[in-house]
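Engineer: Okay, so here is structure-v6.cif, and as you'll see once you scroll down, it has mmCIF, C-alpha atoms and all ligand atoms.
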data_coords
loop_
_atom_site.label_atom_id
_atom_site.label_comp_id
_atom_site.auth_asym_id
_atom_site.auth_seq_id
_atom_site.Cartn_x
_atom_site.Cartn_y
_atom_site.Cartn_z
CA MET A 1 83.98 75.20 -66.90
CA LYS A 2 81.60 76.81 -69.34
CA SER A 3 77.92 77.34 -68.68
CA ALA A 4 75.30 75.11 -70.26
CA PRO A 5 73.76 76.58 -73.45
CA PHE A 6 71.16 79.32 -72.99
CA GLU A 7 69.20 81.89 -74.95
CA TYR A 8 69.49 85.58 -74.15
CA ALA A 9 67.27 88.64 -74.45
CA ARG A 10 67.99 92.22 -73.41
CA ALA A 11 64.80 93.70 -71.98
CA ALA A 12 64.09 97.34 -72.87
CA SER A 13 61.56 97.85 -70.09
CA LEU A 14 60.43 96.27 -66.85
CA ASP A 15 57.14 95.27 -68.53
CA GLN A 16 59.10 93.42 -71.19
CA ALA A 17 61.33 91.70 -68.62
CA CYS A 18 58.23 90.55 -66.70
CA ALA A 19 56.56 89.32 -69.90
CA LEU A 20 59.67 87.26 -70.75
CA LEU A 21 59.76 85.78 -67.25
CA ALA A 22 56.07 84.88 -67.51
CA LEU A 23 56.66 83.26 -70.91
CA HIS A 24 59.71 81.18 -69.98
CA GLY A 25 58.73 80.24 -66.41
CA ASP A 26 61.17 78.38 -64.17
CA SER A 27 63.78 77.97 -66.90
CA ALA A 28 64.40 81.74 -67.14
CA LYS A 29 66.61 83.89 -64.91
CA LEU A 30 67.23 87.62 -64.74
CA ILE A 31 70.80 88.77 -65.11
CA ALA A 32 71.85 92.06 -63.49
CA GLY A 33 75.55 92.58 -62.66
CA GLY A 34 76.32 88.90 -63.28
CA GLN A 35 78.77 88.83 -60.34
CA SER A 36 77.07 85.84 -58.72
CA LEU A 37 75.00 84.39 -61.55
CA VAL A 38 77.80 84.05 -64.11
CA PRO A 39 80.17 82.09 -61.81
CA MET A 40 77.27 79.89 -60.71
CA MET A 41 76.36 79.19 -64.34
CA ALA A 42 80.01 78.51 -65.21
CA MET A 43 80.19 75.99 -62.35
CA ARG A 44 76.82 74.59 -63.50
CA LEU A 45 75.30 75.15 -60.09
CA VAL A 46 72.40 76.77 -61.99
CA ARG A 47 71.37 76.06 -65.58
CA PRO A 48 68.86 78.62 -66.81
CA THR A 49 67.96 78.08 -70.46
CA PHE A 50 66.87 81.69 -70.93
CA LEU A 51 68.56 84.83 -69.57
CA VAL A 52 66.68 88.12 -69.35
CA ASP A 53 69.17 91.00 -69.13
CA ILE A 54 67.82 93.95 -67.12
CA ASN A 55 70.93 96.15 -67.38
CA GLU A 56 69.45 98.51 -69.99
CA ILE A 57 66.29 99.32 -68.00
CA ASP A 58 66.92 102.89 -66.83
CA GLY A 59 63.83 102.84 -64.62
CA LEU A 60 65.52 100.28 -62.37
CA LYS A 61 68.57 102.48 -61.70
CA PHE A 62 67.92 105.32 -59.29
CA VAL A 63 68.29 106.65 -55.77
CA ALA A 64 65.30 108.73 -54.64
CA PHE A 65 63.75 110.03 -51.43
CA ASP A 66 60.08 109.91 -50.49
CA ASN A 67 58.82 111.10 -47.09
CA ASP A 68 60.42 108.71 -44.59
CA PHE A 69 61.99 106.39 -47.18
CA ALA A 70 65.12 106.30 -49.29
CA ARG A 71 64.38 104.29 -52.45
CA THR A 72 66.93 102.45 -54.57
CA GLY A 73 66.14 100.88 -57.93
CA ALA A 74 67.02 97.19 -57.94
CA CYS A 75 69.52 97.53 -60.81
CA THR A 76 71.41 100.42 -59.20
CA ARG A 77 75.10 99.49 -59.05
CA GLN A 78 76.46 98.93 -55.56
CA VAL A 79 79.12 101.57 -56.16
CA MET A 80 76.49 104.23 -56.96
CA VAL A 81 74.81 103.60 -53.63
CA GLU A 82 78.11 103.48 -51.75
CA ARG A 83 79.23 106.84 -53.16
CA ASN A 84 75.93 108.71 -52.75
CA ASP A 85 76.63 111.18 -49.91
CA PHE A 86 73.00 112.22 -49.57
CA LEU A 87 71.95 108.59 -49.11
CA ALA A 88 74.83 107.94 -46.70
CA GLY A 89 73.52 110.83 -44.57
CA ARG A 90 70.11 109.19 -44.32
CA VAL A 91 70.79 105.45 -44.40
CA PRO A 92 74.44 105.34 -43.26
CA LEU A 93 74.41 101.59 -42.65
CA LEU A 94 74.34 101.02 -46.41
CA ARG A 95 77.69 102.72 -46.93
CA HIS A 96 79.25 101.03 -43.89
CA ALA A 97 78.14 97.62 -45.19
CA LEU A 98 79.03 98.16 -48.84
CA ALA A 99 82.67 98.77 -47.93
CA TRP A 100 82.76 95.03 -47.07
CA VAL A 101 81.01 93.75 -50.22
CA GLY A 102 83.59 92.11 -52.48
CA HIS A 103 85.94 94.56 -54.19
CA VAL A 104 85.51 97.85 -55.98
CA GLN A 105 85.58 95.94 -59.29
CA THR A 106 82.67 93.69 -58.24
CA ARG A 107 80.76 96.66 -56.77
CA ASN A 108 81.12 98.48 -60.11
CA ARG A 109 79.01 95.78 -61.77
CA GLY A 110 77.08 94.20 -58.90
CA THR A 111 73.64 95.63 -58.18
CA ILE A 112 71.74 96.18 -54.97
CA GLY A 113 68.84 94.02 -56.17
CA GLY A 114 71.12 91.25 -57.43
CA SER A 115 72.72 90.86 -54.02
CA LEU A 116 69.34 90.79 -52.25
CA ALA A 117 67.82 88.36 -54.76
CA HIS A 118 70.88 86.10 -54.54
CA ALA A 119 70.27 85.94 -50.76
CA ASP A 120 73.61 84.55 -49.61
CA PRO A 121 73.25 84.16 -45.82
CA SER A 122 76.72 85.70 -45.34
CA ALA A 123 76.13 88.66 -47.67
CA GLU A 124 76.15 92.17 -46.23
CA LEU A 125 73.17 93.77 -47.99
CA PRO A 126 70.57 91.15 -47.00
CA LEU A 127 71.67 91.68 -43.37
CA VAL A 128 71.27 95.46 -43.66
CA ALA A 129 67.85 95.02 -45.30
CA LEU A 130 66.71 92.76 -42.48
CA VAL A 131 68.05 94.96 -39.65
CA LEU A 132 66.44 98.08 -41.14
CA GLY A 133 63.19 96.29 -42.10
CA ALA A 134 63.58 97.32 -45.75
CA LEU A 135 60.62 96.89 -48.09
CA MET A 136 61.08 94.94 -51.32
CA VAL A 137 58.84 96.00 -54.19
CA LEU A 138 58.29 93.07 -56.56
CA ARG A 139 56.82 93.25 -60.03
CA SER A 140 55.42 90.58 -62.34
CA ALA A 141 53.14 90.56 -65.38
CA LYS A 142 50.28 90.06 -62.90
CA GLY A 143 51.01 93.20 -60.84
CA SER A 144 53.02 94.50 -57.92
CA ARG A 145 53.45 93.46 -54.30
CA THR A 146 55.64 94.59 -51.44
CA LEU A 147 57.36 92.29 -48.94
CA GLU A 148 59.19 93.18 -45.76
CA ALA A 149 62.78 91.92 -45.66
CA GLY A 150 61.82 89.55 -42.82
CA LYS A 151 59.41 87.76 -45.17
CA PHE A 152 61.63 88.03 -48.23
CA PHE A 153 64.59 85.84 -47.18
CA SER A 154 63.42 82.25 -46.86
CA GLY A 155 66.63 80.18 -46.70
CA PRO A 156 70.18 79.91 -48.02
CA MET A 157 70.14 81.47 -51.51
CA SER A 158 66.37 81.49 -51.56
CA THR A 159 63.70 84.15 -51.26
CA ALA A 160 59.93 84.41 -51.34
CA MET A 161 60.08 85.79 -54.89
CA ARG A 162 58.22 83.76 -57.49
CA PRO A 163 60.13 82.79 -60.67
CA ASP A 164 58.00 85.28 -62.67
CA GLU A 165 58.84 88.21 -60.36
CA CYS A 166 61.46 90.91 -60.66
CA LEU A 167 62.68 92.93 -57.69
CA GLU A 168 61.90 96.48 -58.78
CA GLU A 169 62.98 98.70 -55.90
CA ILE A 170 64.03 98.59 -52.26
CA GLN A 171 62.69 101.10 -49.74
CA TRP A 172 64.87 101.92 -46.72
CA LEU A 173 63.26 103.61 -43.74
CA VAL A 174 65.14 106.77 -42.74
CA TRP A 175 65.44 106.98 -38.95
CA GLY A 176 66.25 110.69 -38.90
CA ARG A 177 69.62 112.38 -38.65
CA GLU A 178 69.74 113.52 -35.03
CA ARG A 179 71.84 111.27 -32.81
CA VAL A 180 71.52 108.19 -35.01
CA GLY A 181 74.57 105.99 -35.44
CA SER A 182 75.17 102.74 -37.27
CA ALA A 183 78.02 100.33 -37.80
CA PHE A 184 78.94 97.17 -39.66
CA ALA A 185 81.59 94.73 -38.42
CA GLU A 186 82.70 91.48 -39.95
CA ILE A 187 85.45 88.92 -40.16
CA ALA A 188 86.39 87.08 -43.35
CA ILE A 189 89.37 84.95 -44.30
CA ARG A 190 90.54 87.75 -46.65
CA HIS A 191 89.04 91.21 -47.10
CA GLY A 192 86.49 90.96 -49.92
CA ASP A 193 85.60 87.35 -49.21
CA PHE A 194 82.16 86.47 -47.92
CA ALA A 195 81.95 87.04 -44.16
CA MET A 196 82.53 84.21 -41.70
CA VAL A 197 80.40 86.27 -39.31
CA ALA A 198 79.00 89.79 -39.86
CA ALA A 199 77.08 92.10 -37.55
CA ALA A 200 75.10 95.28 -38.30
CA ALA A 201 73.68 97.71 -35.77
CA GLN A 202 71.82 101.00 -35.72
CA VAL A 203 70.86 103.01 -32.63
CA ALA A 204 69.19 106.33 -31.84
CA LEU A 205 69.89 108.32 -28.66
CA ASP A 206 67.97 111.09 -26.87
CA PRO A 207 69.76 114.34 -25.93
CA GLY A 208 70.77 112.75 -22.60
CA GLY A 209 72.46 109.81 -24.37
CA ARG A 210 69.77 107.24 -23.62
CA CYS A 211 68.85 104.78 -26.32
CA THR A 212 65.43 105.44 -27.87
CA ARG A 213 65.66 102.86 -30.62
CA ALA A 214 67.98 99.98 -31.51
CA ALA A 215 68.20 97.32 -34.18
CA PHE A 216 70.92 94.81 -34.86
CA GLY A 217 71.49 91.51 -36.63
CA LEU A 218 73.95 88.85 -37.67
CA GLY A 219 74.99 87.24 -40.94
CA GLY A 220 76.85 83.97 -41.51
CA VAL A 221 75.39 82.15 -38.51
CA GLY A 222 72.26 80.64 -40.06
CA GLY A 223 70.48 79.92 -43.32
CA THR A 224 69.32 83.55 -43.56
CA PRO A 225 70.52 86.75 -41.92
CA LEU A 226 69.11 87.06 -38.39
CA ALA A 227 67.62 90.07 -36.58
CA PHE A 228 66.98 90.27 -32.83
CA PRO A 229 64.14 92.77 -32.29
CA LYS A 230 63.24 91.55 -28.77
CA ILE A 231 66.81 91.75 -27.51
CA ALA A 232 67.27 95.12 -29.24
CA ALA A 233 64.12 96.43 -27.51
CA ARG A 234 65.77 95.74 -24.13
CA LEU A 235 68.50 98.25 -25.03
CA VAL A 236 65.95 101.08 -25.13
CA GLY A 237 66.26 103.28 -22.03
CA THR A 238 69.88 102.26 -21.34
CA THR A 239 72.91 104.40 -22.12
CA LEU A 240 74.30 101.49 -24.14
CA ASP A 241 76.85 100.96 -21.39
CA GLU A 242 79.15 97.93 -21.42
CA LYS A 243 76.78 95.76 -19.37
CA ALA A 244 73.79 96.45 -21.64
CA ILE A 245 75.90 95.71 -24.73
CA ASP A 246 77.44 92.56 -23.18
CA ASP A 247 74.00 91.23 -22.23
CA ALA A 248 72.54 91.93 -25.67
CA SER A 249 75.47 90.40 -27.57
CA SER A 250 75.59 87.28 -25.35
CA ASP A 251 71.82 86.77 -25.62
CA ALA A 252 71.93 87.15 -29.40
CA ALA A 253 74.83 84.72 -29.77
CA LYS A 254 72.93 82.15 -27.67
CA GLU A 255 70.00 82.35 -30.10
CA THR A 256 72.17 81.43 -33.09
CA ASP A 257 72.66 77.90 -34.32
CA PRO A 258 75.57 78.11 -36.78
CA GLY A 259 77.13 75.17 -38.52
CA SER A 260 80.77 74.06 -38.47
CA ASP A 261 82.94 74.01 -41.56
CA LEU A 262 86.64 74.00 -42.35
CA HIS A 263 86.89 77.72 -41.53
CA ALA A 264 85.26 77.74 -38.10
CA THR A 265 83.55 75.47 -35.63
CA ARG A 266 80.02 76.13 -34.41
CA GLU A 267 81.39 77.28 -31.03
CA TYR A 268 83.90 79.66 -32.59
CA ARG A 269 81.20 81.18 -34.84
CA ARG A 270 79.02 81.77 -31.80
CA HIS A 271 81.94 83.39 -30.00
CA LEU A 272 82.50 85.62 -33.04
CA ALA A 273 78.80 86.47 -33.13
CA ARG A 274 78.98 87.82 -29.57
CA VAL A 275 82.20 89.75 -30.20
CA PHE A 276 80.99 91.30 -33.45
CA VAL A 277 77.52 92.30 -32.21
CA ALA A 278 79.20 94.05 -29.27
CA ARG A 279 81.67 95.74 -31.60
CA ALA A 280 78.92 96.97 -33.96
CA LEU A 281 76.74 98.24 -31.10
CA ARG A 282 79.64 100.13 -29.48
CA GLU A 283 80.64 101.74 -32.74
CA ALA A 284 77.03 102.67 -33.57
CA ARG A 285 76.63 104.22 -30.09
CA ASP A 286 79.85 106.22 -30.45
CA ARG A 287 78.78 107.51 -33.86
CA ALA A 288 75.36 108.50 -32.47
CA LEU A 289 77.04 110.35 -29.58
CA ALA A 290 79.20 112.24 -32.07
CA ALA A 291 76.32 113.01 -34.49
C1 LIG B 1 85.23 88.07 -56.28
C2 LIG B 1 83.84 88.31 -55.73
C3 LIG B 1 83.72 88.62 -54.38
C4 LIG B 1 82.44 88.86 -53.85
N1 LIG B 1 82.33 89.14 -52.52
C5 LIG B 1 81.13 89.41 -52.00
C6 LIG B 1 81.00 89.76 -50.62
O1 LIG B 1 81.95 89.84 -49.86
N2 LIG B 1 79.74 90.02 -50.18
C7 LIG B 1 78.63 89.96 -50.99
O2 LIG B 1 77.53 90.20 -50.53
N3 LIG B 1 78.75 89.64 -52.27
C8 LIG B 1 79.95 89.36 -52.81
N4 LIG B 1 80.05 89.04 -54.13
C9 LIG B 1 78.80 88.95 -54.95
C10 LIG B 1 78.41 90.32 -55.45
O3 LIG B 1 78.01 91.16 -54.39
C11 LIG B 1 77.24 90.28 -56.44
O4 LIG B 1 77.25 91.51 -57.04
C12 LIG B 1 75.85 90.07 -55.92
O5 LIG B 1 75.72 88.92 -55.12
C13 LIG B 1 74.88 89.85 -57.08
O6 LIG B 1 74.59 91.02 -57.71
P1 LIG B 1 74.55 91.07 -59.30
O7 LIG B 1 73.91 92.35 -59.69
O8 LIG B 1 75.88 90.79 -59.86
O9 LIG B 1 73.49 89.90 -59.63
P2 LIG B 1 73.56 88.70 -60.67
O10 LIG B 1 74.78 87.90 -60.47
O11 LIG B 1 73.28 89.20 -62.04
O12 LIG B 1 72.28 87.86 -60.17
C14 LIG B 1 72.31 87.18 -58.95
C15 LIG B 1 70.93 86.50 -58.73
O13 LIG B 1 69.93 87.50 -58.51
C16 LIG B 1 68.90 87.42 -59.50
N5 LIG B 1 68.52 88.80 -59.79
C17 LIG B 1 69.35 89.82 -60.12
N6 LIG B 1 68.65 90.97 -60.19
C18 LIG B 1 67.36 90.67 -59.88
C19 LIG B 1 66.17 91.42 -59.77
N7 LIG B 1 66.14 92.75 -59.97
N8 LIG B 1 65.03 90.78 -59.44
C20 LIG B 1 65.02 89.44 -59.19
N9 LIG B 1 66.12 88.66 -59.28
C21 LIG B 1 67.27 89.29 -59.62
C22 LIG B 1 69.52 86.69 -60.66
O14 LIG B 1 68.53 86.02 -61.44
C23 LIG B 1 70.44 85.71 -59.95
O15 LIG B 1 69.71 84.61 -59.48
C24 LIG B 1 81.28 88.80 -54.69
C25 LIG B 1 81.43 88.51 -56.05
C26 LIG B 1 82.68 88.27 -56.57
C27 LIG B 1 82.79 87.96 -58.04
#
Since I need it in another form, could you write the structure as C-alpha cells?
Ligand SMILES: Cc1cc2nc3c(=O)[nH]c(=O)nc-3n(C[C@H](O)[C@H](O)[C@H](O)COP(=O)(O)OP(=O)(O)OC[C@H]3O[C@@H](n4cnc5c(N)ncnc54)[C@H](O)[C@@H]3O)c2cc1C

Structural biologist:
Amino acid sequence: MKSAPFEYARAASLDQACALLALHGDSAKLIAGGQSLVPMMAMRLVRPTFLVDINEIDGLKFVAFDNDFARTGACTRQVMVERNDFLAGRVPLLRHALAWVGHVQTRNRGTIGGSLAHADPSAELPLVALVLGALMVLRSAKGSRTLEAGKFFSGPMSTAMRPDECLEEIQWLVWGRERVGSAFAEIAIRHGDFAMVAAAAQVALDPGGRCTRAAFGLGGVGGTPLAFPKIAARLVGTTLDEKAIDDASSDAAKETDPGSDLHATREYRRHLARVFVARALREARDRALAA
C-alpha cells in the first residue's frame, strides 16, 4: 500500500522543527530514519498530513560526555552509537543491545531517538533506557524539559511526549569502569525480528566480588519495558551466586503479566522472562568479574 497524501518540510534547525510542530499540531509528525514511520504510513496505521524531516539538523547528531553522563543526540544513527568504542567503554549496555536491533541496514538509517520515540514494548533501546534510568531531553517552541525514562514510556507505542515536542538528546548515566558488567539477552523468531522476550542487566562488584549495584529489566512482556528496582536492590551484598540470580529472575517473572499470541502463550513468555533475566544477570556478573 501507499501512504495517504502528506506535505513535507526539511527543517534546518531544531527551532524550525519545533515551530513547524507547533504550527501543524496533531497532524504533523517528525521523520528521522523512517525505519518505523514509513512502513506504518504505508500500511496506513498512521496518517500524518505533514512530515517534518529532522535528518539535516547537525545539532541532533552527536555523542558527547559530560561529568557522569554520556549524551547522544536524538538523530544520531544507531550504527554510530554501536561503533563508538569510547561510548561502549562507558555505557556498554548500548552496544550489547544494539547488536539485536534489526539489521545493519536498518541501523544505518534508524536513529536512537526514533527508536525511543516509537516506544515499541519489545524494542531493545527503550529497555536499556529504562534499566539505566536514562534522561530524555525534550524541546518544543515553549521551552525544554527533561523526563526520566520511567516517566517517558506510557504504553505500547506511546510516550509522555506532547505532539509539539521533539526528543533532543538522551543522557545515559555512566556507572564507572571498574568491575561493571552488562549484558543483553533476547529471543526472537528470527535474528533481527522484534524480541519475543528481551532482558537487560547491569551490575557493579566490589573488589571481593560482592554486588554493590544492580539493575535489570524485561521487554516484550507488557505494554512498556519493565524494570525491577526493588528486586535488583536485593542482589546488593550477594556474590550474584546461582541462588541469588534464580530468586531474582523468578520474582521478576512473577511480576510480569504478558499476553498470549500466535508466537507464545502467556505462560511460555513468563518462563522465557525468568530464563532470560537469569542469563543476562549471569553474563553481566561474569563480565564485571573479568573487567
Ligand atoms: C526490517 C526491520 C527490522 C527492525 N527490527 C527492529 C528490532 O529488532 N528492534 C527494534 O527496536 N527496532 C527494529 N526496527 C525499527 C528500527 O529500530 C527503527 O529504526 C526505529 O524504531 C525508529 O527509528 P527511526 O529513526 O527510523 O524513526 P522513524 O521511523 O523516523 O520515526 C519513528 C517514530 O518516532 C518519531 N520520532 C523520530 N525521531 C523523533 C524525535 N527526535 N523526537 C520525537 N519523535 C521522534 C516519529 O515521529 C515516529 O513516530 C526494525 C525496522 C525494520 C525496517

Engineer: Compile the contact shell of A:Pro258 as an NGL selection string: residues with an atom at most 6 Å away, counting all atoms listed in the file, same-chain residues fewer than 5 positions apart removed.

Structural biologist: :A and (221-222 or 266)

Engineer: Which of these residues is nearest to A:Asn67, using all atoms listed in the file: A:Pro48, A:Pro92, A:Gly143, A:Gly176?

Structural biologist: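 So, comparing all the options, the nearest one is A:Gly176.
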
Engineer: So which one's closest to A:Val46, A:Gln16, A:Gln105, A:Ser249, A:Ser3? Using only C-alpha atoms, please.

Structural biologist: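 Nearest to A:Val46: A:Ser3.
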
Engineer: With ligand LIG 1 (chain B) as the partner and 7 Å as the cut-off, tabulate the residues of chain A that qualify, each row holding the nearest pair of atoms and their distance in Å to one decimal, using all atoms listed in the file, sorted by chain and rising number, as a tab-separated table.

Structural biologist:
residue	atom	partner	partner_atom	distance
A:Lys29	CA	B:LIG1	O14	4.5
A:Leu30	CA	B:LIG1	O14	3.9
A:Ile31	CA	B:LIG1	O11	4.0
A:Ala32	CA	B:LIG1	O11	3.5
A:Gly33	CA	B:LIG1	O8	3.3
A:Gly34	CA	B:LIG1	O11	3.3
A:Gln35	CA	B:LIG1	O8	3.5
A:Ser36	CA	B:LIG1	O10	3.5
A:Leu37	CA	B:LIG1	O10	3.7
A:Val38	CA	B:LIG1	O10	6.1
A:Ala74	CA	B:LIG1	N7	5.0
A:Cys75	CA	B:LIG1	N7	5.9
A:Trp100	CA	B:LIG1	O1	5.9
A:Val101	CA	B:LIG1	N2	3.9
A:Gly102	CA	B:LIG1	N1	3.2
A:His103	CA	B:LIG1	C3	6.3
A:Thr106	CA	B:LIG1	C26	5.7
A:Arg107	CA	B:LIG1	O4	6.2
A:Arg109	CA	B:LIG1	O8	6.2
A:Gly110	CA	B:LIG1	O4	3.3
A:Thr111	CA	B:LIG1	O7	3.6
A:Ile112	CA	B:LIG1	O7	6.5
A:Gly113	CA	B:LIG1	N7	4.8
A:Gly114	CA	B:LIG1	O6	3.5
A:Ser115	CA	B:LIG1	O5	3.7
A:Ala117	CA	B:LIG1	O13	4.4
A:His118	CA	B:LIG1	C15	4.2
A:Asp120	CA	B:LIG1	O2	6.9
A:Ser122	CA	B:LIG1	O2	6.9
A:Ala123	CA	B:LIG1	O2	3.5
A:Glu124	CA	B:LIG1	O2	4.9
A:Leu125	CA	B:LIG1	O2	6.2
A:Glu165	CA	B:LIG1	C20	6.4
A:Cys166	CA	B:LIG1	N8	3.8
A:Leu167	CA	B:LIG1	N8	3.6
A:Glu168	CA	B:LIG1	N7	5.8
A:Gly192	CA	B:LIG1	O1	4.7
A:Asp193	CA	B:LIG1	O1	4.5
A:Phe194	CA	B:LIG1	O1	3.9
A:Ala195	CA	B:LIG1	O1	6.4

Engineer: Using the selection just defined, write its residues with C-alpha atoms as a PDB file, in the frame of the given file.

Structural biologist:
ATOM      1  CA  LYS A  29      66.610  83.890 -64.910  1.00  0.00           C
ATOM      2  CA  LEU A  30      67.230  87.620 -64.740  1.00  0.00           C
ATOM      3  CA  ILE A  31      70.800  88.770 -65.110  1.00  0.00           C
ATOM      4  CA  ALA A  32      71.850  92.060 -63.490  1.00  0.00           C
ATOM      5  CA  GLY A  33      75.550  92.580 -62.660  1.00  0.00           C
ATOM      6  CA  GLY A  34      76.320  88.900 -63.280  1.00  0.00           C
ATOM      7  CA  GLN A  35      78.770  88.830 -60.340  1.00  0.00           C
ATOM      8  CA  SER A  36      77.070  85.840 -58.720  1.00  0.00           C
ATOM      9  CA  LEU A  37      75.000  84.390 -61.550  1.00  0.00           C
ATOM     10  CA  VAL A  38      77.800  84.050 -64.110  1.00  0.00           C
ATOM     11  CA  ALA A  74      67.020  97.190 -57.940  1.00  0.00           C
ATOM     12  CA  CYS A  75      69.520  97.530 -60.810  1.00  0.00           C
ATOM     13  CA  TRP A 100      82.760  95.030 -47.070  1.00  0.00           C
ATOM     14  CA  VAL A 101      81.010  93.750 -50.220  1.00  0.00           C
ATOM     15  CA  GLY A 102      83.590  92.110 -52.480  1.00  0.00           C
ATOM     16  CA  HIS A 103      85.940  94.560 -54.190  1.00  0.00           C
ATOM     17  CA  THR A 106      82.670  93.690 -58.240  1.00  0.00           C
ATOM     18  CA  ARG A 107      80.760  96.660 -56.770  1.00  0.00           C
ATOM     19  CA  ARG A 109      79.010  95.780 -61.770  1.00  0.00           C
ATOM     20  CA  GLY A 110      77.080  94.200 -58.900  1.00  0.00           C
ATOM     21  CA  THR A 111      73.640  95.630 -58.180  1.00  0.00           C
ATOM     22  CA  ILE A 112      71.740  96.180 -54.970  1.00  0.00           C
ATOM     23  CA  GLY A 113      68.840  94.020 -56.170  1.00  0.00           C
ATOM     24  CA  GLY A 114      71.120  91.250 -57.430  1.00  0.00           C
ATOM     25  CA  SER A 115      72.720  90.860 -54.020  1.00  0.00           C
ATOM     26  CA  ALA A 117      67.820  88.360 -54.760  1.00  0.00           C
ATOM     27  CA  HIS A 118      70.880  86.100 -54.540  1.00  0.00           C
ATOM     28  CA  ASP A 120      73.610  84.550 -49.610  1.00  0.00           C
ATOM     29  CA  SER A 122      76.720  85.700 -45.340  1.00  0.00           C
ATOM     30  CA  ALA A 123      76.130  88.660 -47.670  1.00  0.00           C
ATOM     31  CA  GLU A 124      76.150  92.170 -46.230  1.00  0.00           C
ATOM     32  CA  LEU A 125      73.170  93.770 -47.990  1.00  0.00           C
ATOM     33  CA  GLU A 165      58.840  88.210 -60.360  1.00  0.00           C
ATOM     34  CA  CYS A 166      61.460  90.910 -60.660  1.00  0.00           C
ATOM     35  CA  LEU A 167      62.680  92.930 -57.690  1.00  0.00           C
ATOM     36  CA  GLU A 168      61.900  96.480 -58.780  1.00  0.00           C
ATOM     37  CA  GLY A 192      86.490  90.960 -49.920  1.00  0.00           C
ATOM     38  CA  ASP A 193      85.600  87.350 -49.210  1.00  0.00           C
ATOM     39  CA  PHE A 194      82.160  86.470 -47.920  1.00  0.00           C
ATOM     40  CA  ALA A 195      81.950  87.040 -44.160  1.00  0.00           C
TER      41      ALA A 195
END

Engineer: For A:Asp286, which of A:Arg10, A:Arg179, A:Arg162, A:Arg83 is the closest residue, counting all atoms listed in the file?

Structural biologist: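 Selected residue with least distance to A:Asp286: A:Arg179.
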
Engineer: Which is closer to A:Val63 than all the others in A:Phe184, A:Phe86, A:Phe216, A:Trp175, using only C-alpha atoms?

Structural biologist: A:Phe86

Engineer: Restricting the calculation to all atoms listed in the file, which member of A:Ala278, A:Cys18, A:Ala290, A:Ala149 is positioned closest to A:Asp164?

Structural biologist: A:Cys18

Engineer: Pick from A:Ile187, A:Gly219, A:Ala9, A:Glu169: nearest to A:Ala119, with all atoms listed in the file counted?

Structural biologist: A:Gly219

Engineer: Which residues are close to A:Thr239, i.e. within 9 Å by all atoms listed in the file, leaving aside same-chain residues fewer than 6 positions away? Reply as a list in words.

Structural biologist: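 Listing them by chain and then by number gives Leu205, Gly208, Gly209, Arg210, Cys211 and Arg285 of chain A.
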
Engineer: Provide the atom CA of A:Ser182 to atom CA of A:Ala284 distance in Å, to one decimal place.

Structural biologist: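 Atom CA of A:Ser182 sits 4.1 Å away from atom CA of A:Ala284.
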
Engineer: Between atom CA of A:Val128 and atom CA of A:Val236, what is the spacing in Å?

Structural biologist: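 Going from atom CA of A:Val236 over to atom CA of A:Val128, I get 20.1 Å.
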
Engineer: Step by step: start from the point (80.3, 74.2, -66.6) in the file's coordinates, keep every protein, DNA or RNA residue that has an atom no farther than 12 Å from it, count all atoms listed in the file, and write the set as a list in words.

Structural biologist: Met1, Lys2, Ser3, Ala4, Pro5, Val38, Pro39, Met40, Met41, Ala42, Met43, Arg44, Leu45, Val46 and Arg47 of chain A

Engineer: What does the file look like for those residues with C-alpha atoms, as an mmCIF file, in the coordinates of the input?

Structural biologist:
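Once written, result.cif looks like this:
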data_model
loop_
_atom_site.group_PDB
_atom_site.id
_atom_site.type_symbol
_atom_site.label_atom_id
_atom_site.label_comp_id
_atom_site.auth_asym_id
_atom_site.auth_seq_id
_atom_site.Cartn_x
_atom_site.Cartn_y
_atom_site.Cartn_z
ATOM 1 C CA MET A 1 83.980 75.200 -66.900
ATOM 2 C CA LYS A 2 81.600 76.810 -69.340
ATOM 3 C CA SER A 3 77.920 77.340 -68.680
ATOM 4 C CA ALA A 4 75.300 75.110 -70.260
ATOM 5 C CA PRO A 5 73.760 76.580 -73.450
ATOM 6 C CA VAL A 38 77.800 84.050 -64.110
ATOM 7 C CA PRO A 39 80.170 82.090 -61.810
ATOM 8 C CA MET A 40 77.270 79.890 -60.710
ATOM 9 C CA MET A 41 76.360 79.190 -64.340
ATOM 10 C CA ALA A 42 80.010 78.510 -65.210
ATOM 11 C CA MET A 43 80.190 75.990 -62.350
ATOM 12 C CA ARG A 44 76.820 74.590 -63.500
ATOM 13 C CA LEU A 45 75.300 75.150 -60.090
ATOM 14 C CA VAL A 46 72.400 76.770 -61.990
ATOM 15 C CA ARG A 47 71.370 76.060 -65.580
#

Engineer: At a cut-off of 7 Å from (63.1, 99.9, -53.7) in the coordinates of the file, what residues are picked up using all atoms listed in the file, written as a list in words?

Structural biologist: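 Residues close enough to count: Arg71, Thr72, Gly73, Ala74, Leu135, Met136, Val137, Glu168, Glu169, Ile170 and Gln171 of chain A.
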